[in-house]
Amino acid sequence: MAKSPDDRAPVPVGKGTPAETSSRVEIDAFLERVRTIERTAPAGPRGRLIFALDATMSRQPTWDTACKLQAEMFLEAQAIGGLDVQLIYFRGLGECRASRWVSEPAALAALMEQIDCRGGHTQIRRVLGHACRETEKAKVQALVYVGDAMEETLDDVCAKAGELGLHGVPAFVFQEGNDPDVEKTFRDIARLTRGAYCRFNAGAAHELRELLRAVAAYAAGGLKALSDLSARRHTGATRLLEQMK
């Protein structure tokens with residue numbers, strides 16, 4: 001599939017090596033499907049959301065799932081005001097990269113399909129620091145982080161989360177699995193940024209889908225949009241709203 005000039009690989013946040021391209025039949029099928037989605041003009045100003053993923057080796061199945069589910073964020077936000085999303089991920093030996101901002105699900109999927117997961121340690125502090133710098137340039141409404149591990153110094157991560165909280169950017173931290181130490185750190189990040197923490201089960205795509213849709217609603221329309229979504233019996237929105245009130 002030919003790539004346009006705008007489908008370029010994410011740029012490093014600090015040091016890193018170029019990302020390799022990986023071919024996935026499912027992603028190609030997804031790209032074809034999203035081209036058929038009817039586009040309507042957004043009703044208000046666009047939200048800005050940073051979508052952060054752990055791309056270390058154990059994360060490949062969830063990465064593939066996220067590739068297919070990320071369109072849900074755009075579609076949920078479309079009627080509210082639209083959404084611009086930036087992807088940031090880490091993997092390997094100190095590699096942490098951020099993409100350009102995109103406004104279409106096909107563009108984000110094209111970026112994600114270039115990336116494969118590699119062994120390495122978590123770099124959550126760098127993700128939080130990047131979010132601080134981005135919102136200093138132009139307001140970011142929300143950060144989503146999806147992961148299953150935490151291998152950094154707790155105090156360092158919490159200090160950076162506190163800084164992000166001072167910038168007024170809530171972090172929505174979604175944990176795959178049930179490691180209690182990881183849960184404590186992820187809950188602290190959510191608390192310090194006035195965001196929310198939720199856990200989802202490995203392989204439970206429907207749970208992650210609901211959570212991503214809820215955050216997109218918040219990023220595009222704030223607490224009112226999240227409340228409206230919850231009122232429609234949307235489980236993900238209700239889970240987040242309970243922690244943010």
# chains A, B, ... in the order shown; residues from 1 in each chain; ligands from 1
$ residues_around --residues "stretch 45-49 of chain A" --least-positions-apart "5" --cutoff "9 Å" --atoms "only C-alpha atoms" --output "number ranges by chain"
A: 77-78, 80-87, 101, 138-144, 215-216, 218-221
$ write_last_selection --atoms "C-alpha atoms" --output "mmCIF file, in the first residue's frame"
data_model
loop_
_atom_site.group_PDB
_atom_site.id
_atom_site.type_symbol
_atom_site.label_atom_id
_atom_site.label_comp_id
_atom_site.auth_asym_id
_atom_site.auth_seq_id
_atom_site.Cartn_x
_atom_site.Cartn_y
_atom_site.Cartn_z
ATOM 1 C CA ALA A 77 -15.401 12.824 19.190
ATOM 2 C CA GLN A 78 -16.582 13.709 15.687
ATOM 3 C CA ILE A 80 -18.818 16.858 19.585
ATOM 4 C CA GLY A 81 -16.037 18.854 17.988
ATOM 5 C CA GLY A 82 -13.484 16.548 16.448
ATOM 6 C CA LEU A 83 -10.186 15.266 17.737
ATOM 7 C CA ASP A 84 -6.500 15.627 16.944
ATOM 8 C CA VAL A 85 -4.349 12.764 18.255
ATOM 9 C CA GLN A 86 -0.618 12.377 18.736
ATOM 10 C CA LEU A 87 0.889 8.918 19.210
ATOM 11 C CA TRP A 101 -0.678 15.334 15.220
ATOM 12 C CA ALA A 138 -0.953 24.283 22.609
ATOM 13 C CA LYS A 139 -3.471 23.028 25.156
ATOM 14 C CA VAL A 140 -3.776 19.245 25.409
ATOM 15 C CA GLN A 141 -7.106 18.085 26.830
ATOM 16 C CA ALA A 142 -6.082 14.564 27.844
ATOM 17 C CA LEU A 143 -3.348 11.938 27.927
ATOM 18 C CA VAL A 144 -4.200 8.247 27.508
ATOM 19 C CA VAL A 215 -11.649 9.575 26.890
ATOM 20 C CA ALA A 216 -12.246 10.843 23.363
ATOM 21 C CA TYR A 218 -13.898 14.019 27.346
ATOM 22 C CA ALA A 219 -11.084 15.405 25.165
ATOM 23 C CA ALA A 220 -13.562 16.768 22.624
ATOM 24 C CA GLY A 221 -16.268 18.041 24.974
#
$ select_by_dssp --residues "stretch 37-219 of chain A" --states "alpha helix (DSSP H)" --output "ChimeraX atom specification"
/A:60-69,71-78,105-112,124-137,154-166,180-193,205-219
$ residues_around --residues "A:Gln60" --least-positions-apart "4" --cutoff "8 Å" --atoms "only C-alpha atoms" --output "PDB file with N, CA, C and O atoms, in the first residue's frame"
ATOM      1  N   ALA A  55       5.338  -0.065  24.074  1.00  0.00           N
ATOM      2  CA  ALA A  55       5.613  -0.925  22.910  1.00  0.00           C
ATOM      3  C   ALA A  55       6.778  -1.860  23.178  1.00  0.00           C
ATOM      4  O   ALA A  55       7.526  -2.216  22.272  1.00  0.00           O
ATOM      5  N   THR A  56       6.953  -2.261  24.450  1.00  0.00           N
ATOM      6  CA  THR A  56       7.949  -3.282  24.746  1.00  0.00           C
ATOM      7  C   THR A  56       7.388  -4.643  24.318  1.00  0.00           C
ATOM      8  O   THR A  56       6.210  -4.769  23.988  1.00  0.00           O
ATOM      9  N   ASP A  64      -1.621  -4.439  18.507  1.00  0.00           N
ATOM     10  CA  ASP A  64      -2.427  -4.772  17.335  1.00  0.00           C
ATOM     11  C   ASP A  64      -3.899  -4.455  17.581  1.00  0.00           C
ATOM     12  O   ASP A  64      -4.598  -3.958  16.694  1.00  0.00           O
ATOM     13  N   ASP A 116       6.803  -2.016  15.364  1.00  0.00           N
ATOM     14  CA  ASP A 116       6.719  -3.322  16.005  1.00  0.00           C
ATOM     15  C   ASP A 116       7.246  -3.203  17.434  1.00  0.00           C
ATOM     16  O   ASP A 116       8.003  -2.301  17.755  1.00  0.00           O
ATOM     17  N   CYS A 117       6.776  -4.070  18.289  1.00  0.00           N
ATOM     18  CA  CYS A 117       7.173  -4.033  19.691  1.00  0.00           C
ATOM     19  C   CYS A 117       8.535  -4.701  19.875  1.00  0.00           C
ATOM     20  O   CYS A 117       8.846  -5.700  19.216  1.00  0.00           O
TER      21      CYS A 117
END
$ atom_distance --atom1 "atom CA of A:Leu226" --atom2 "atom CA of A:Lys245"
10.9 Å
$ residues_around --residues "A:His130" --least-positions-apart "5" --cutoff "9 Å" --atoms "only C-alpha atoms" --output "MDAnalysis selection string"
chainID A and resid 13 88 98 125 135
$ write_last_selection --atoms "all heavy atoms" --output "compact mmCIF listing (two decimals), in the first residue's frame"
# COMPACT_ATOMS: atom_id res chain seq x y z
N VAL A 13 11.69 11.08 20.89
CA VAL A 13 11.67 11.96 22.06
C VAL A 13 12.96 11.66 22.79
O VAL A 13 13.07 10.71 23.55
CB VAL A 13 10.45 11.66 22.96
CG1 VAL A 13 10.49 12.53 24.20
CG2 VAL A 13 9.17 11.87 22.19
N ILE A 88 2.48 8.52 21.01
CA ILE A 88 3.82 8.43 21.59
C ILE A 88 3.99 7.02 22.13
O ILE A 88 3.05 6.44 22.69
CB ILE A 88 4.06 9.49 22.68
CG1 ILE A 88 5.49 9.38 23.23
CG2 ILE A 88 3.03 9.42 23.79
CD1 ILE A 88 5.91 10.54 24.12
N ALA A 98 7.51 10.26 19.29
CA ALA A 98 6.20 10.88 19.16
C ALA A 98 5.91 11.16 17.70
O ALA A 98 6.81 11.55 16.94
CB ALA A 98 6.15 12.18 19.96
N ARG A 125 8.00 8.10 32.60
CA ARG A 125 8.38 9.47 32.98
C ARG A 125 8.61 10.32 31.73
O ARG A 125 8.22 11.50 31.70
CB ARG A 125 9.64 9.44 33.85
CG ARG A 125 10.07 10.81 34.37
CD ARG A 125 11.27 10.67 35.30
NE ARG A 125 11.68 11.97 35.81
CZ ARG A 125 12.47 12.83 35.16
NH1 ARG A 125 12.93 12.52 33.95
NH2 ARG A 125 12.79 14.00 35.70
N THR A 135 1.65 20.47 25.86
CA THR A 135 0.56 21.35 26.29
C THR A 135 1.04 22.78 26.51
O THR A 135 0.25 23.72 26.52
CB THR A 135 -0.15 20.80 27.54
OG1 THR A 135 -1.45 21.39 27.66
CG2 THR A 135 0.66 21.07 28.81
$ residues_around --residues "A:Val127" --least-positions-apart "5" --cutoff "10 Å" --atoms "only C-alpha atoms" --output "ChimeraX atom specification"
/A:13,50-54,88-90,96-98,122,132,143,145,157,160-161
$ residues_around --residues "stretch 173-175 of chain A" --least-positions-apart "6" --cutoff "8 Å" --atoms "only C-alpha atoms" --output "short mmCIF file (atom, residue, chain, number, x, y, z; two decimals) with all heavy atoms, in the first residue's frame"
data_model
loop_
_atom_site.label_atom_id
_atom_site.label_comp_id
_atom_site.auth_asym_id
_atom_site.auth_seq_id
_atom_site.Cartn_x
_atom_site.Cartn_y
_atom_site.Cartn_z
N VAL A 144 -3.84 9.65 27.27
CA VAL A 144 -4.20 8.25 27.51
C VAL A 144 -2.90 7.45 27.55
O VAL A 144 -2.05 7.59 26.68
CB VAL A 144 -5.08 7.70 26.37
CG1 VAL A 144 -5.28 6.20 26.53
CG2 VAL A 144 -6.43 8.40 26.35
N TYR A 145 -2.77 6.61 28.57
CA TYR A 145 -1.63 5.71 28.63
C TYR A 145 -2.12 4.29 28.83
O TYR A 145 -2.92 4.02 29.75
CB TYR A 145 -0.66 6.08 29.76
CG TYR A 145 0.49 5.10 29.86
CD1 TYR A 145 1.51 5.12 28.93
CD2 TYR A 145 0.50 4.11 30.85
CE1 TYR A 145 2.54 4.19 28.98
CE2 TYR A 145 1.52 3.18 30.91
CZ TYR A 145 2.54 3.23 29.98
OH TYR A 145 3.55 2.30 30.02
N VAL A 146 -1.64 3.36 28.00
CA VAL A 146 -2.02 1.95 28.08
C VAL A 146 -0.75 1.13 28.29
O VAL A 146 0.18 1.20 27.49
CB VAL A 146 -2.74 1.48 26.81
CG1 VAL A 146 -3.14 0.01 26.95
CG2 VAL A 146 -3.96 2.34 26.51
N GLY A 147 -0.71 0.35 29.38
CA GLY A 147 0.47 -0.46 29.66
C GLY A 147 0.20 -1.51 30.72
O GLY A 147 -0.90 -1.58 31.27
N ASP A 148 1.23 -2.31 30.99
CA ASP A 148 1.05 -3.39 31.98
C ASP A 148 2.22 -3.49 32.96
O ASP A 148 2.25 -4.41 33.78
CB ASP A 148 0.88 -4.73 31.27
CG ASP A 148 2.14 -5.18 30.50
OD1 ASP A 148 3.08 -4.36 30.35
OD2 ASP A 148 2.17 -6.34 30.04
N VAL A 182 2.12 -2.19 39.92
CA VAL A 182 1.80 -1.36 38.76
C VAL A 182 0.53 -0.56 39.02
O VAL A 182 0.46 0.64 38.72
CB VAL A 182 1.64 -2.24 37.50
CG1 VAL A 182 1.16 -1.41 36.32
CG2 VAL A 182 2.96 -2.93 37.16
N GLU A 183 -0.46 -1.21 39.60
CA GLU A 183 -1.72 -0.53 39.90
C GLU A 183 -1.50 0.68 40.80
O GLU A 183 -2.06 1.76 40.57
CB GLU A 183 -2.71 -1.48 40.55
CG GLU A 183 -4.03 -0.80 40.93
CD GLU A 183 -5.05 -1.75 41.51
OE1 GLU A 183 -4.86 -2.98 41.40
OE2 GLU A 183 -6.04 -1.26 42.09
N PHE A 186 0.05 3.50 38.71
CA PHE A 186 -0.90 4.02 37.74
C PHE A 186 -2.00 4.84 38.43
O PHE A 186 -2.43 5.87 37.91
CB PHE A 186 -1.51 2.87 36.93
CG PHE A 186 -0.58 2.30 35.88
CD1 PHE A 186 0.75 2.65 35.83
CD2 PHE A 186 -1.06 1.40 34.95
CE1 PHE A 186 1.61 2.12 34.87
CE2 PHE A 186 -0.23 0.87 33.96
CZ PHE A 186 1.11 1.23 33.93
N ARG A 187 -2.44 4.37 39.58
CA ARG A 187 -3.44 5.13 40.33
C ARG A 187 -2.87 6.48 40.79
O ARG A 187 -3.57 7.50 40.79
CB ARG A 187 -3.95 4.33 41.52
CG ARG A 187 -4.93 3.22 41.17
CD ARG A 187 -5.54 2.61 42.41
NE ARG A 187 -6.48 1.56 42.11
CZ ARG A 187 -7.76 1.75 41.77
NH1 ARG A 187 -8.24 3.00 41.70
NH2 ARG A 187 -8.56 0.73 41.53
N ILE A 189 -0.55 8.24 39.26
CA ILE A 189 -0.48 9.13 38.10
C ILE A 189 -1.85 9.75 37.84
O ILE A 189 -1.97 10.96 37.61
CB ILE A 189 0.00 8.35 36.86
CG1 ILE A 189 1.45 7.90 37.04
CG2 ILE A 189 -0.13 9.21 35.60
CD1 ILE A 189 1.94 6.94 35.97
N ALA A 190 -2.89 8.92 37.88
CA ALA A 190 -4.24 9.43 37.65
C ALA A 190 -4.64 10.44 38.72
O ALA A 190 -5.20 11.50 38.42
CB ALA A 190 -5.23 8.26 37.62
N GLY A 195 -6.99 12.74 36.77
CA GLY A 195 -7.53 11.92 35.70
C GLY A 195 -8.28 10.73 36.25
O GLY A 195 -9.02 10.85 37.23
N ALA A 196 -8.08 9.56 35.66
CA ALA A 196 -8.77 8.36 36.11
C ALA A 196 -7.93 7.13 35.77
O ALA A 196 -7.15 7.13 34.81
CB ALA A 196 -10.15 8.25 35.47
N TYR A 197 -8.11 6.10 36.58
CA TYR A 197 -7.42 4.82 36.39
C TYR A 197 -8.46 3.74 36.16
O TYR A 197 -9.51 3.70 36.84
CB TYR A 197 -6.58 4.47 37.62
CG TYR A 197 -6.23 3.00 37.73
CD1 TYR A 197 -5.09 2.49 37.14
CD2 TYR A 197 -7.07 2.11 38.40
CE1 TYR A 197 -4.77 1.14 37.21
CE2 TYR A 197 -6.77 0.76 38.49
CZ TYR A 197 -5.61 0.28 37.89
OH TYR A 197 -5.31 -1.05 37.97
N CYS A 198 -8.20 2.84 35.21
CA CYS A 198 -9.05 1.68 35.01
C CYS A 198 -8.19 0.49 34.62
O CYS A 198 -7.14 0.65 33.98
CB CYS A 198 -10.09 1.92 33.93
SG CYS A 198 -11.44 3.02 34.43
N ARG A 199 -8.64 -0.68 34.99
CA ARG A 199 -7.95 -1.91 34.62
C ARG A 199 -8.82 -2.66 33.61
O ARG A 199 -10.04 -2.67 33.72
CB ARG A 199 -7.71 -2.77 35.85
CG ARG A 199 -6.85 -4.00 35.58
CD ARG A 199 -6.40 -4.64 36.89
NE ARG A 199 -7.51 -5.04 37.72
CZ ARG A 199 -7.48 -5.08 39.05
NH1 ARG A 199 -6.39 -4.72 39.70
NH2 ARG A 199 -8.53 -5.49 39.73
N PHE A 200 -8.18 -3.27 32.62
CA PHE A 200 -8.91 -4.10 31.68
C PHE A 200 -8.18 -5.42 31.54
O PHE A 200 -6.98 -5.52 31.78
CB PHE A 200 -9.10 -3.41 30.32
CG PHE A 200 -7.82 -3.22 29.53
CD1 PHE A 200 -7.46 -4.11 28.53
CD2 PHE A 200 -6.99 -2.14 29.79
CE1 PHE A 200 -6.29 -3.93 27.80
CE2 PHE A 200 -5.82 -1.95 29.06
CZ PHE A 200 -5.47 -2.85 28.07
#
$ residues_around --residues "A:Glu242" --least-positions-apart "2" --cutoff "10 Å" --atoms "only C-alpha atoms" --output "list in words"
Ala196, Ser227, Ser230, Ala237, Thr238, Arg239, Leu240, Met244 and Lys245 of chain A
$ write_last_selection --atoms "all heavy atoms" --output "PDB file, in the first residue's frame"
ATOM      1  N   ALA A 196      -8.077   9.562  35.660  1.00  0.00           N
ATOM      2  CA  ALA A 196      -8.770   8.357  36.109  1.00  0.00           C
ATOM      3  C   ALA A 196      -7.928   7.133  35.773  1.00  0.00           C
ATOM      4  O   ALA A 196      -7.154   7.132  34.812  1.00  0.00           O
ATOM      5  CB  ALA A 196     -10.150   8.248  35.466  1.00  0.00           C
ATOM      6  N   SER A 227     -20.342  13.122  30.776  1.00  0.00           N
ATOM      7  CA  SER A 227     -21.594  12.876  31.500  1.00  0.00           C
ATOM      8  C   SER A 227     -22.705  12.454  30.552  1.00  0.00           C
ATOM      9  O   SER A 227     -23.498  11.552  30.865  1.00  0.00           O
ATOM     10  CB  SER A 227     -22.008  14.140  32.262  1.00  0.00           C
ATOM     11  OG  SER A 227     -21.055  14.485  33.239  1.00  0.00           O
ATOM     12  N   SER A 230     -22.131   8.884  29.624  1.00  0.00           N
ATOM     13  CA  SER A 230     -22.477   8.023  30.749  1.00  0.00           C
ATOM     14  C   SER A 230     -23.988   7.861  30.875  1.00  0.00           C
ATOM     15  O   SER A 230     -24.486   6.777  31.190  1.00  0.00           O
ATOM     16  CB  SER A 230     -21.894   8.602  32.040  1.00  0.00           C
ATOM     17  OG  SER A 230     -22.266   7.827  33.167  1.00  0.00           O
ATOM     18  N   ALA A 237     -17.531   5.391  30.108  1.00  0.00           N
ATOM     19  CA  ALA A 237     -17.722   6.755  30.561  1.00  0.00           C
ATOM     20  C   ALA A 237     -18.096   6.799  32.045  1.00  0.00           C
ATOM     21  O   ALA A 237     -17.614   7.650  32.797  1.00  0.00           O
ATOM     22  CB  ALA A 237     -18.808   7.437  29.728  1.00  0.00           C
ATOM     23  N   THR A 238     -18.933   5.886  32.478  1.00  0.00           N
ATOM     24  CA  THR A 238     -19.333   5.844  33.877  1.00  0.00           C
ATOM     25  C   THR A 238     -18.140   5.553  34.780  1.00  0.00           C
ATOM     26  O   THR A 238     -17.971   6.180  35.843  1.00  0.00           O
ATOM     27  CB  THR A 238     -20.427   4.777  34.091  1.00  0.00           C
ATOM     28  OG1 THR A 238     -21.552   5.094  33.271  1.00  0.00           O
ATOM     29  CG2 THR A 238     -20.850   4.717  35.546  1.00  0.00           C
ATOM     30  N   ARG A 239     -17.284   4.640  34.378  1.00  0.00           N
ATOM     31  CA  ARG A 239     -16.094   4.292  35.171  1.00  0.00           C
ATOM     32  C   ARG A 239     -15.168   5.487  35.338  1.00  0.00           C
ATOM     33  O   ARG A 239     -14.612   5.723  36.423  1.00  0.00           O
ATOM     34  CB  ARG A 239     -15.353   3.121  34.525  1.00  0.00           C
ATOM     35  CG  ARG A 239     -16.096   1.811  34.565  1.00  0.00           C
ATOM     36  CD  ARG A 239     -15.370   0.725  33.780  1.00  0.00           C
ATOM     37  NE  ARG A 239     -14.126   0.319  34.419  1.00  0.00           N
ATOM     38  CZ  ARG A 239     -13.271  -0.559  33.887  1.00  0.00           C
ATOM     39  NH1 ARG A 239     -13.530  -1.087  32.703  1.00  0.00           N
ATOM     40  NH2 ARG A 239     -12.171  -0.894  34.532  1.00  0.00           N
ATOM     41  N   LEU A 240     -14.977   6.254  34.282  1.00  0.00           N
ATOM     42  CA  LEU A 240     -14.097   7.422  34.360  1.00  0.00           C
ATOM     43  C   LEU A 240     -14.759   8.548  35.146  1.00  0.00           C
ATOM     44  O   LEU A 240     -14.105   9.212  35.970  1.00  0.00           O
ATOM     45  CB  LEU A 240     -13.747   7.915  32.955  1.00  0.00           C
ATOM     46  CG  LEU A 240     -13.035   6.923  32.035  1.00  0.00           C
ATOM     47  CD1 LEU A 240     -12.604   7.626  30.752  1.00  0.00           C
ATOM     48  CD2 LEU A 240     -11.831   6.304  32.709  1.00  0.00           C
ATOM     49  N   MET A 244     -13.672  11.291  38.408  1.00  0.00           N
ATOM     50  CA  MET A 244     -13.353  12.664  38.087  1.00  0.00           C
ATOM     51  C   MET A 244     -14.282  13.674  38.758  1.00  0.00           C
ATOM     52  O   MET A 244     -13.994  14.865  38.776  1.00  0.00           O
ATOM     53  CB  MET A 244     -13.400  12.873  36.571  1.00  0.00           C
ATOM     54  CG  MET A 244     -12.366  12.035  35.828  1.00  0.00           C
ATOM     55  SD  MET A 244     -12.296  12.448  34.078  1.00  0.00           S
ATOM     56  CE  MET A 244     -11.469  14.037  34.145  1.00  0.00           C
ATOM     57  N   LYS A 245     -15.392  13.234  39.298  1.00  0.00           N
ATOM     58  CA  LYS A 245     -16.335  14.162  39.951  1.00  0.00           C
ATOM     59  C   LYS A 245     -15.749  14.681  41.260  1.00  0.00           C
ATOM     60  O   LYS A 245     -15.047  13.975  41.958  1.00  0.00           O
ATOM     61  CB  LYS A 245     -17.660  13.455  40.204  1.00  0.00           C
ATOM     62  CG  LYS A 245     -18.495  13.310  38.931  1.00  0.00           C
ATOM     63  CD  LYS A 245     -19.846  12.716  39.238  1.00  0.00           C
ATOM     64  CE  LYS A 245     -20.730  12.676  38.016  1.00  0.00           C
ATOM     65  NZ  LYS A 245     -22.061  12.091  38.289  1.00  0.00           N
TER      66      LYS A 245
END
$ closest_residue --among "A:Gly94, A:Gly236, A:Pro170, A:Pro180" --to "A:Glu210" --atoms "only C-alpha atoms"
A:Gly236
$ atom_distance --atom1 "atom CA of A:Gln123" --atom2 "atom CA of A:Asp156"
11.0 Å
$ closest_residue --among "A:Lys137, A:Lys68, A:Arg91, A:Arg100" --to "A:Glu113" --atoms "only C-alpha atoms"
A:Lys68
$ atom_distance --atom1 "atom CA of A:Leu208" --atom2 "atom CA of A:Asn178"
15.0 Å
$ closest_residue --among "A:Glu207, A:Asp228, A:Glu134, A:Glu72" --to "A:Glu176" --atoms "only C-alpha atoms"
A:Glu207
